[in-house]
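Containing compact mmCIF, C-alpha atoms and all ligand atoms: start.txt.
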```
# COMPACT_ATOMS: atom_id res chain seq x y z
CA MET A 1 -11.27 70.78 38.52
CA ALA A 2 -10.29 67.82 36.35
CA TYR A 3 -12.55 65.13 37.88
CA PHE A 4 -15.80 65.39 39.82
CA TYR A 5 -19.05 63.50 40.34
CA ARG A 6 -22.35 64.34 38.70
CA ASP A 7 -25.36 62.08 39.29
CA GLY A 8 -23.10 59.34 40.63
CA LYS A 9 -20.82 59.33 37.57
CA LEU A 10 -17.20 60.41 37.59
CA MET A 11 -16.85 63.26 35.11
CA ILE A 12 -13.82 64.71 33.37
CA GLY A 13 -13.66 68.42 32.49
CA ALA A 14 -14.11 71.66 34.33
CA ASN A 15 -16.92 71.79 36.85
CA SER A 16 -18.43 74.94 35.36
CA VAL A 17 -21.41 75.71 33.18
CA THR A 18 -19.40 76.87 30.19
CA ASP A 19 -16.87 74.03 30.02
CA PRO A 20 -18.22 70.74 28.77
CA ALA A 21 -17.62 67.75 31.00
CA VAL A 22 -18.21 64.11 30.08
CA ALA A 23 -18.47 60.89 32.04
CA VAL A 24 -15.06 59.21 32.19
CA GLU A 25 -16.71 55.90 31.35
CA SER A 26 -17.98 57.35 28.07
CA VAL A 27 -14.49 58.15 26.78
CA LEU A 28 -13.00 54.72 27.46
CA PRO A 29 -12.33 52.34 24.60
CA THR A 30 -14.79 49.47 24.60
CA PRO A 31 -14.66 46.62 25.26
CA TRP A 32 -12.31 46.99 28.20
CA ARG A 33 -8.84 45.84 27.20
CA LYS A 34 -6.33 47.12 29.74
CA PRO A 35 -5.68 49.92 32.23
CA ILE A 36 -5.65 53.39 30.77
CA TYR A 37 -4.47 56.83 31.81
CA VAL A 38 -7.08 59.46 31.00
CA TYR A 39 -5.86 63.06 31.00
CA ASP A 40 -7.73 66.34 31.07
CA LEU A 41 -5.66 68.49 28.72
CA ASP A 42 -7.66 71.62 29.57
CA ASP A 43 -6.65 71.29 33.22
CA VAL A 44 -2.99 71.28 32.19
CA GLU A 45 -3.51 74.40 30.10
CA ARG A 46 -5.34 76.20 32.94
CA ARG A 47 -2.40 75.56 35.23
CA TYR A 48 0.19 76.59 32.67
CA GLN A 49 -1.68 79.85 32.08
CA ALA A 50 -1.98 80.44 35.84
CA MET A 51 1.77 80.15 36.20
CA ASN A 52 2.31 82.38 33.18
CA ARG A 53 0.10 85.03 34.75
CA ALA A 54 1.89 84.69 38.08
CA LEU A 55 5.17 85.51 36.33
CA ASP A 56 3.73 88.32 34.28
CA GLY A 57 5.88 91.44 34.35
CA VAL A 58 9.24 89.69 34.22
CA LYS A 59 10.92 88.07 31.26
CA HIS A 60 10.36 84.38 31.87
CA THR A 61 10.10 80.93 30.35
CA ILE A 62 8.26 78.01 31.91
CA HIS A 63 10.31 74.91 31.20
CA TYR A 64 7.92 72.04 31.81
CA ALA A 65 9.87 69.26 33.59
CA MET A 66 8.96 66.55 31.12
CA LYS A 67 10.13 63.72 33.35
CA ALA A 68 6.72 64.08 34.99
CA ASN A 69 4.96 62.97 31.82
CA SER A 70 6.60 62.86 28.43
CA ASN A 71 3.62 61.82 26.32
CA PRO A 72 4.17 63.23 22.79
CA LEU A 73 0.71 64.78 22.54
CA LEU A 74 1.17 66.54 25.86
CA LEU A 75 4.61 67.80 24.83
CA GLY A 76 3.21 69.03 21.53
CA HIS A 77 0.54 70.93 23.42
CA PHE A 78 3.10 72.55 25.70
CA ALA A 79 5.14 73.49 22.64
CA GLN A 80 2.08 75.15 21.08
CA LEU A 81 1.45 77.07 24.27
CA GLY A 82 4.99 78.44 24.00
CA ALA A 83 6.46 76.50 26.89
CA GLY A 84 10.01 75.26 27.04
CA VAL A 85 11.04 71.97 28.62
CA ASP A 86 13.50 70.79 31.23
CA THR A 87 15.06 67.50 30.15
CA VAL A 88 17.32 64.97 31.86
CA SER A 89 18.47 62.67 29.08
CA ALA A 90 19.20 62.56 25.37
CA GLY A 91 15.99 60.54 25.13
CA GLU A 92 13.96 63.40 26.56
CA ILE A 93 15.68 65.93 24.29
CA THR A 94 14.84 63.71 21.30
CA ARG A 95 11.19 63.50 22.36
CA ALA A 96 11.00 67.25 22.92
CA LEU A 97 12.46 68.00 19.47
CA ALA A 98 10.05 65.51 17.89
CA ALA A 99 7.17 67.37 19.59
CA LYS A 100 8.45 70.60 17.99
CA VAL A 101 9.82 72.22 21.12
CA PRO A 102 12.38 74.68 19.67
CA PRO A 103 15.98 73.78 20.69
CA LYS A 104 16.36 77.23 22.24
CA LYS A 105 13.60 76.32 24.68
CA ILE A 106 15.25 73.13 25.91
CA ILE A 107 17.40 72.96 29.02
CA PHE A 108 19.31 69.86 30.01
CA SER A 109 19.62 68.92 33.69
CA GLY A 110 20.77 65.74 35.42
CA VAL A 111 23.80 64.53 37.37
CA ALA A 112 25.19 61.88 35.06
CA LYS A 113 25.29 63.31 31.56
CA THR A 114 27.38 61.08 29.33
CA LYS A 115 29.78 62.34 26.65
CA ALA A 116 27.36 61.22 23.97
CA GLU A 117 24.48 63.07 25.62
CA ILE A 118 26.46 66.30 25.95
CA GLU A 119 27.60 66.08 22.34
CA PHE A 120 24.01 65.48 21.25
CA ALA A 121 22.71 68.44 23.30
CA LEU A 122 25.39 70.81 22.02
CA THR A 123 24.91 69.76 18.42
CA ALA A 124 21.15 70.25 18.73
CA GLY A 125 21.84 73.82 19.89
CA ILE A 126 19.79 73.71 23.08
CA LYS A 127 19.32 76.71 25.37
CA GLN A 128 21.58 75.65 28.24
CA ILE A 129 23.12 72.73 30.06
CA ASN A 130 22.57 72.80 33.82
CA VAL A 131 25.92 71.70 35.17
CA GLU A 132 26.06 69.59 38.33
CA SER A 133 29.81 69.29 39.01
CA THR A 134 33.18 70.73 38.05
CA ALA A 135 34.10 67.49 36.31
CA GLU A 136 31.00 67.83 34.17
CA LEU A 137 31.94 71.42 33.29
CA GLU A 138 35.37 70.25 32.16
CA ARG A 139 33.78 67.52 30.08
CA ILE A 140 31.42 70.03 28.44
CA ALA A 141 34.35 72.35 27.65
CA SER A 142 36.34 69.60 25.99
CA ILE A 143 33.36 68.46 23.90
CA ALA A 144 32.55 72.06 22.90
CA ARG A 145 36.20 72.48 21.86
CA LYS A 146 36.02 69.32 19.76
CA LEU A 147 32.80 70.51 18.10
CA GLY A 148 34.15 74.04 17.68
CA LEU A 149 31.24 75.71 19.42
CA LYS A 150 30.51 77.58 22.61
CA ALA A 151 28.36 75.87 25.21
CA ASP A 152 25.72 77.84 27.12
CA VAL A 153 25.92 76.61 30.68
CA ALA A 154 24.19 77.22 34.01
CA PHE A 155 25.37 75.98 37.39
CA ARG A 156 23.18 74.01 39.71
CA LEU A 157 23.54 75.12 43.28
CA ASN A 158 22.81 72.95 46.21
CA PRO A 159 21.53 75.59 48.65
CA ASP A 160 21.44 73.13 51.56
CA VAL A 161 17.85 73.62 52.63
CA ASN A 162 15.57 70.93 53.94
CA PRO A 163 12.20 71.19 52.23
CA GLN A 164 10.50 68.57 54.46
CA THR A 165 9.31 66.25 51.78
CA HIS A 166 9.77 62.53 51.23
CA PRO A 167 13.51 61.78 51.63
CA TYR A 168 13.64 60.22 48.15
CA ILE A 169 12.62 63.48 46.52
CA THR A 170 14.63 66.11 48.42
CA THR A 171 17.44 67.33 46.22
CA GLY A 172 18.71 70.60 47.69
CA PHE A 173 19.99 69.25 50.96
CA ARG A 174 23.72 68.91 51.57
CA GLU A 175 23.51 65.09 51.70
CA ASN A 176 21.97 64.85 48.22
CA LYS A 177 23.98 64.07 45.09
CA PHE A 178 22.64 67.13 43.29
CA GLY A 179 24.27 70.46 42.57
CA MET A 180 27.25 72.26 44.04
CA ASP A 181 27.67 74.33 47.17
CA GLU A 182 29.67 77.54 47.40
CA SER A 183 32.91 75.70 48.04
CA PHE A 184 32.88 74.75 44.34
CA LEU A 185 32.94 78.37 43.20
CA PRO A 186 36.71 79.01 43.02
CA GLN A 187 37.16 75.96 40.84
CA LEU A 188 34.19 76.86 38.66
CA PHE A 189 35.55 80.37 38.16
CA SER A 190 38.94 79.04 37.23
CA ILE A 191 37.56 76.58 34.65
CA LEU A 192 35.34 79.30 33.20
CA LYS A 193 38.37 81.58 32.81
CA SER A 194 40.65 79.00 31.26
CA GLU A 195 37.93 77.65 28.93
CA GLN A 196 36.26 80.95 28.09
CA GLN A 197 36.48 80.25 24.38
CA TRP A 198 34.20 77.22 24.80
CA LEU A 199 31.98 78.06 27.74
CA ASN A 200 29.35 80.74 27.98
CA PRO A 201 28.13 81.06 31.59
CA ARG A 202 24.45 82.08 31.46
CA GLY A 203 23.02 81.55 34.90
CA LEU A 204 22.44 79.66 38.09
CA THR A 205 19.90 76.97 38.65
CA MET A 206 18.51 75.17 41.65
CA HIS A 207 15.88 72.59 42.37
CA ILE A 208 15.44 71.74 46.02
CA GLY A 209 12.99 68.89 45.82
CA SER A 210 9.55 67.82 44.77
CA LEU A 211 6.12 67.86 46.40
CA LEU A 212 6.87 71.06 48.30
CA PHE A 213 4.43 73.28 50.12
CA ASP A 214 6.62 75.42 52.35
CA LEU A 215 7.35 78.48 50.27
CA GLU A 216 9.62 79.89 52.96
CA VAL A 217 12.14 77.18 52.14
CA PHE A 218 11.89 78.26 48.52
CA ARG A 219 12.51 81.84 49.57
CA GLU A 220 15.60 80.80 51.51
CA ALA A 221 16.94 78.83 48.54
CA ILE A 222 16.22 81.65 46.09
CA GLU A 223 17.96 84.17 48.36
CA LYS A 224 21.04 81.97 48.56
CA THR A 225 21.03 81.61 44.79
CA VAL A 226 20.70 85.35 44.27
CA ALA A 227 23.69 85.89 46.61
CA VAL A 228 25.79 83.48 44.55
CA HIS A 229 24.62 85.17 41.34
CA ARG A 230 26.14 88.38 42.77
CA ARG A 231 29.41 86.57 43.47
CA PHE A 232 29.55 85.55 39.82
CA GLN A 233 28.94 89.18 38.84
CA ALA A 234 31.69 90.31 41.18
CA HIS A 235 34.04 87.95 39.35
CA GLY A 236 33.12 89.46 36.00
CA PHE A 237 30.59 86.85 34.88
CA ASN A 238 27.43 88.66 33.87
CA LEU A 239 24.81 85.99 34.17
CA ASP A 240 21.55 86.75 32.39
CA ARG A 241 19.36 83.86 33.58
CA LEU A 242 18.04 82.61 36.89
CA ASP A 243 16.47 79.15 36.99
CA ILE A 244 14.54 78.44 40.17
CA GLY A 245 13.65 74.84 39.38
CA GLY A 246 10.33 73.13 40.04
CA GLY A 247 8.84 71.34 42.99
CA LEU A 248 5.45 72.86 43.78
CA GLY A 249 3.25 70.18 45.27
CA ILE A 250 -0.32 69.05 44.88
CA ARG A 251 -2.52 67.90 47.77
CA TYR A 252 -3.15 64.27 46.93
CA GLU A 253 -5.46 63.84 49.89
CA THR A 254 -8.12 66.25 48.65
CA ASP A 255 -9.81 67.47 45.47
CA ASP A 256 -9.59 71.05 46.70
CA THR A 257 -7.08 72.83 44.50
CA THR A 258 -7.48 76.39 45.85
CA ASP A 259 -4.26 76.02 47.77
CA GLU A 260 -2.33 75.09 44.65
CA PHE A 261 -3.40 78.14 42.68
CA ALA A 262 -2.61 80.36 45.68
CA MET A 263 0.81 78.75 45.87
CA ILE A 264 1.44 79.39 42.17
CA GLU A 265 0.70 83.07 42.76
CA ALA A 266 2.91 83.33 45.83
CA TYR A 267 5.69 81.54 44.01
CA GLY A 268 5.33 83.98 41.10
CA ARG A 269 5.59 86.95 43.45
CA MET A 270 8.71 85.51 45.04
CA ALA A 271 10.30 84.85 41.66
CA ARG A 272 9.49 88.34 40.40
CA GLU A 273 11.05 89.85 43.53
CA ALA A 274 14.22 87.85 42.96
CA VAL A 275 14.51 89.08 39.38
CA THR A 276 13.84 92.65 40.42
CA SER A 277 16.51 92.43 43.11
CA LEU A 278 18.97 91.50 40.36
CA GLY A 279 18.12 94.61 38.37
CA GLY A 280 15.30 93.15 36.28
CA GLU A 281 17.48 92.25 33.29
CA VAL A 282 17.61 88.58 34.09
CA GLU A 283 15.42 85.97 32.39
CA LEU A 284 13.61 83.85 34.92
CA LEU A 285 13.29 80.13 34.22
CA THR A 286 11.10 77.69 36.11
CA GLU A 287 10.92 73.91 35.83
CA PRO A 288 7.52 72.84 37.13
CA GLY A 289 6.33 69.29 36.52
CA ARG A 290 3.79 67.91 38.96
CA ILE A 291 1.79 71.09 39.58
CA LEU A 292 1.08 71.42 35.86
CA VAL A 293 0.13 67.85 34.99
CA GLY A 294 -0.40 65.87 38.21
CA ARG A 295 -4.08 66.66 38.67
CA SER A 296 -4.94 66.02 35.04
CA GLY A 297 -4.44 62.26 35.06
CA LEU A 298 -6.64 59.40 36.19
CA LEU A 299 -5.47 55.80 36.01
CA VAL A 300 -8.51 53.67 35.25
CA THR A 301 -8.35 50.03 36.26
CA GLU A 302 -10.85 47.18 36.34
CA VAL A 303 -11.58 45.02 39.36
CA GLN A 304 -10.83 41.39 38.51
CA TYR A 305 -11.72 39.80 41.83
CA THR A 306 -12.59 40.72 45.36
CA LYS A 307 -11.09 38.56 48.06
CA ALA A 308 -11.78 38.58 51.77
CA THR A 309 -9.14 37.09 54.04
CA SER A 310 -9.26 36.95 57.82
CA ALA A 311 -7.28 40.20 57.90
CA LYS A 312 -8.22 42.18 54.82
CA LEU A 313 -10.67 42.77 52.02
CA PHE A 314 -8.84 43.07 48.73
CA ALA A 315 -10.01 44.59 45.47
CA ILE A 316 -7.68 42.90 43.01
CA VAL A 317 -7.35 45.02 39.88
CA ASP A 318 -5.56 44.76 36.54
CA SER A 319 -3.19 47.66 37.25
CA GLY A 320 -0.62 48.02 39.99
CA MET A 321 2.83 49.18 40.95
CA HIS A 322 4.06 48.56 37.39
CA HIS A 323 1.70 51.28 36.15
CA LEU A 324 1.73 53.63 39.13
CA LEU A 325 4.78 53.15 41.31
CA ARG A 326 4.19 56.08 43.67
CA PRO A 327 2.24 54.22 46.39
CA ALA A 328 4.85 51.44 46.56
CA LEU A 329 7.89 53.69 46.32
CA TYR A 330 6.93 56.74 48.38
CA SER A 331 3.93 55.44 50.36
CA ALA A 332 1.93 57.95 48.32
CA LYS A 333 -1.79 58.03 48.95
CA HIS A 334 -3.80 58.61 45.80
CA ARG A 335 -7.56 58.91 46.13
CA VAL A 336 -9.60 56.09 44.61
CA LEU A 337 -12.59 57.28 42.60
CA PRO A 338 -15.05 54.64 41.36
CA LEU A 339 -16.29 55.55 37.89
CA SER A 340 -19.86 54.91 39.05
CA LEU A 341 -21.02 55.37 42.60
CA PRO A 342 -23.22 52.52 43.82
CA GLY A 343 -26.87 53.22 44.48
CA THR A 344 -26.68 51.74 47.97
CA SER A 345 -24.93 53.19 50.99
CA SER A 346 -23.14 49.97 52.00
CA SER A 347 -19.37 50.29 51.94
CA HIS A 348 -16.24 48.41 52.93
CA ILE A 349 -12.60 49.08 53.65
CA TYR A 350 -10.53 47.77 50.74
CA ASP A 351 -6.90 47.39 49.86
CA VAL A 352 -6.67 47.99 46.12
CA VAL A 353 -3.93 45.67 44.89
CA GLY A 354 -2.57 44.59 41.52
CA PRO A 355 -1.34 41.53 39.65
CA ILE A 356 2.38 41.86 40.44
CA CYS A 357 3.97 39.12 42.52
CA GLU A 358 5.07 41.38 45.35
CA SER A 359 3.30 42.60 48.44
CA SER A 360 4.47 46.11 47.63
CA ASP A 361 2.03 45.97 44.74
CA PHE A 362 -0.78 48.17 45.99
CA LEU A 363 -2.45 51.27 44.61
CA ALA A 364 -4.25 52.19 47.82
CA LYS A 365 -4.61 50.74 51.29
CA ASP A 366 -7.53 50.87 53.69
CA VAL A 367 -9.82 52.96 51.53
CA ARG A 368 -13.57 53.05 52.13
CA LEU A 369 -15.47 52.31 48.92
CA GLY A 370 -18.94 51.18 47.99
CA GLU A 371 -19.40 47.50 47.21
CA LEU A 372 -17.07 46.43 44.38
CA TYR A 373 -17.63 43.64 41.87
CA GLN A 374 -15.78 41.95 39.05
CA GLY A 375 -15.77 44.53 36.28
CA SER A 376 -16.13 47.59 38.56
CA LEU A 377 -13.99 50.41 37.22
CA LEU A 378 -11.85 52.48 39.57
CA GLY A 379 -9.97 55.70 38.88
CA ILE A 380 -6.75 56.34 40.73
CA ALA A 381 -6.69 60.11 41.05
CA ASP A 382 -3.97 62.70 40.43
CA ALA A 383 -1.81 60.30 38.49
CA GLY A 384 -0.86 62.68 35.66
CA ALA A 385 2.66 63.24 36.99
CA TYR A 386 5.16 60.42 37.55
CA GLY A 387 2.50 57.86 36.67
CA PHE A 388 2.91 56.59 33.11
CA ALA A 389 6.39 58.14 33.09
CA MET A 390 7.54 55.67 35.76
CA ALA A 391 5.54 52.71 34.45
CA SER A 392 7.29 49.51 33.49
CA CYS A 393 6.52 46.13 31.97
CA TYR A 394 7.50 44.31 35.17
CA ASN A 395 6.19 40.73 35.18
CA SER A 396 5.93 41.20 31.39
CA HIS A 397 2.66 43.06 31.61
CA GLU A 398 1.78 45.60 28.94
CA LEU A 399 2.10 49.33 29.53
CA PRO A 400 -1.24 51.06 30.06
CA ASP A 401 -2.89 53.07 27.29
CA GLU A 402 -3.20 56.86 27.41
CA ILE A 403 -5.91 59.18 26.10
CA PHE A 404 -6.44 62.91 26.30
CA VAL A 405 -9.73 64.70 26.65
CA SER A 406 -10.24 68.34 25.77
CA ASP A 407 -13.51 70.23 25.49
CA GLY A 408 -15.45 67.09 26.29
CA ARG A 409 -13.86 65.10 23.45
CA VAL A 410 -11.14 62.51 23.14
CA ILE A 411 -8.35 64.04 21.10
CA SER A 412 -6.02 61.08 20.74
N1 LIG A 501 13.71 70.18 37.87
C1 LIG A 501 14.54 69.21 38.25
C2 LIG A 501 15.98 69.39 38.11
C3 LIG A 501 14.02 68.02 38.80
O1 LIG A 501 14.85 67.06 39.19
C4 LIG A 501 12.62 67.87 38.94
C5 LIG A 501 12.04 66.65 39.50
C6 LIG A 501 11.79 68.92 38.50
C7 LIG A 501 12.37 70.06 37.98
C8 LIG A 501 10.30 68.86 38.58
O2 LIG A 501 9.83 68.72 39.88
P1 LIG A 501 8.23 68.83 40.17
O3 LIG A 501 7.81 70.23 39.81
O4 LIG A 501 7.55 67.83 39.33
O5 LIG A 501 8.10 68.54 41.61
N2 LIG A 501 8.94 60.56 41.09
C9 LIG A 501 8.72 61.48 42.19
C10 LIG A 501 9.13 62.88 41.84
C11 LIG A 501 10.56 62.99 41.41
C12 LIG A 501 10.95 64.38 41.02
C13 LIG A 501 12.30 64.41 40.40
N3 LIG A 501 12.74 65.68 39.95
C14 LIG A 501 7.25 61.41 42.61
O6 LIG A 501 6.49 60.68 42.00
O7 LIG A 501 6.86 62.05 43.59
```
For this file, produce the structure as structure tokens.
Ligand code: LLP
Amino acid sequence: MAYFYRDGKLMIGANSVTDPAVAVESVLPTPWRKPIYVYDLDDVERRYQAMNRALDGVKHTIHYAMKANSNPLLLGHFAQLGAGVDTVSAGEITRALAAKVPPKKIIFSGVAKTKAEIEFALTAGIKQINVESTAELERIASIARKLGLKADVAFRLNPDVNPQTHPYITTGFRENKFGMDESFLPQLFSILKSEQQWLNPRGLTMHIGSLLFDLEVFREAIEKTVAVHRRFQAHGFNLDRLDIGGGLGIRYETDDTTDEFAMIEAYGRMAREAVTSLGGEVELLTEPGRILVGRSGLLVTEVQYTKATSAKLFAIVDSGMHHLLRPALYSAKHRVLPLSLPGTSSSHIYDVVGPICESSDFLAKDVRLGELYQGSLLGIADAGAYGFAMASCYNSHELPDEIFVSDGRVIS
């Protein structure tokens, strides 16, 4: 567990006798300057290893979806662990290379790859480009021809499943802009044949959405992908990779993570079955983001004022939607963890709101917390994924700081 209370203090580190844990307050820079993301690097590693174990027995690579959090130290750590990355821009590829992720462990996804980005990716010699449309495939072929090299490509399927998540983060439903359905196949086959000198078809890829819990929808999508893989084989394209995307969710409403580890195992079983059904010679790729890093991060913010109106009691803090957009954008509910629990039992229902001049600027609504004061420190939980990565300088505020803790020590 990344964060837990001991003697009224919020601690960071594993809640076990052998792993050292320290009070979050003790790792913060002093005096307080601005909001800060604190990450438990050991929690990330535990999750990465759990997924690795779940995929044991089949040839596989975990491509961390770095859009979730592209901090250089975190990327460097993933690289050291042997992970690959899933990227969606030349910027992400650049960051991954700088963090020493080998080019042959980088895959490039995304619907709108520009000519310059494709040229950059091909020149860098990355593992594969995940192609989202026939027009993109033609563009890749012409750039590969110009560069005189052969592009390793995979094809993103849109399996048309509805994973029942927030509509903004479903991606494998027929109404979404992502991927291709089976009607694209004849055209794909024909481009692959006519451009065979420049295109090397390696596999299929899919990603049906984010914050998913229903593994049956995954199963359905994987089965559809496996069926299309066979159609490629029947047309003489011997694909040697199967990329099943990311999307496993975390339960923001609770600190109980048992479910998540069980899901990682079930997902691993499902993935192994898929590979076995294809004869076992296929390399399995996954693109997890949130499940690896989401739980590790805590956004710490300081209460500036409390304000009681006739309708609400506000805790006005120095962070907000510009640092953690998820509550405003997806109505996400992150738990609010005071860094010190008050000695008294009196509590109130607060809206935790920020400095931005919009009423969408809230971090949490209607949360029961002990009495808050100017200077009280609050941690917004489970903010390791899509937190800092989506932060902006809106209203010309500064970005938050970031620090990593491992083995009870700050390592950045
Ligand atoms: N692969 C592809 C192609 C993706 O588009 C994504 C996420 C992932 C992998 C990783 O998905 P994950 O394992 O993290 O669920 N900002 C939203 C999430 C957007 C996800 C976009 N794509 C949020 O804060 O909930």
- Message: To check your reading of the model: which residues sit at most 6 Å from ligand LIG 501 (chain A) when counting only C-alpha atoms and all ligand atoms? Write the answer as a PyMOL selection string.
- Response: chain A and resi 65+68+109+169+207+210-211+245-248+287-290+326+386
Selected residues written out with C-alpha atoms, as a CSV table (one decimal), in the frame of the given file:
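Done, and the output landed in again.csv:
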```csv
chain,number,residue,atom,x,y,z
A,65,ALA,CA,9.9,69.3,33.6
A,68,ALA,CA,6.7,64.1,35.0
A,109,SER,CA,19.6,68.9,33.7
A,169,ILE,CA,12.6,63.5,46.5
A,207,HIS,CA,15.9,72.6,42.4
A,210,SER,CA,9.6,67.8,44.8
A,211,LEU,CA,6.1,67.9,46.4
A,245,GLY,CA,13.6,74.8,39.4
A,246,GLY,CA,10.3,73.1,40.0
A,247,GLY,CA,8.8,71.3,43.0
A,248,LEU,CA,5.4,72.9,43.8
A,287,GLU,CA,10.9,73.9,35.8
A,288,PRO,CA,7.5,72.8,37.1
A,289,GLY,CA,6.3,69.3,36.5
A,290,ARG,CA,3.8,67.9,39.0
A,326,ARG,CA,4.2,56.1,43.7
A,386,TYR,CA,5.2,60.4,37.6
```
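Residue nearest A:Gly279, chosen from A:Val58, A:Val410, A:Lys177, A:Glu253 and counting only C-alpha atoms: A:Val58.
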- Task: Tell me, as a list in words, which residues lie within 10 Å of A:Lys115, counting only C-alpha atoms; anything in the same chain fewer than 6 positions away does not count.
- Result: Ala121, Glu136, Arg139, Ile140, Ser142 and Ile143 of chain A
- Item | Spatial neighbours of A:Leu337, max dist 8 Å, only C-alpha atoms, sep filter under 5 positions, as a PyMOL selection string | chain A and resi 10+378-381
- Coordinates-based distance that separates atom CA of A:Ser16 from atom CA of A:Gly384 (Å, one decimal): 21.4 Å
- Residue among A:Ser359, A:Thr257, A:Asn158, A:Thr61 lying closest to A:Ser183, counting all atoms listed in the file: A:Asn158
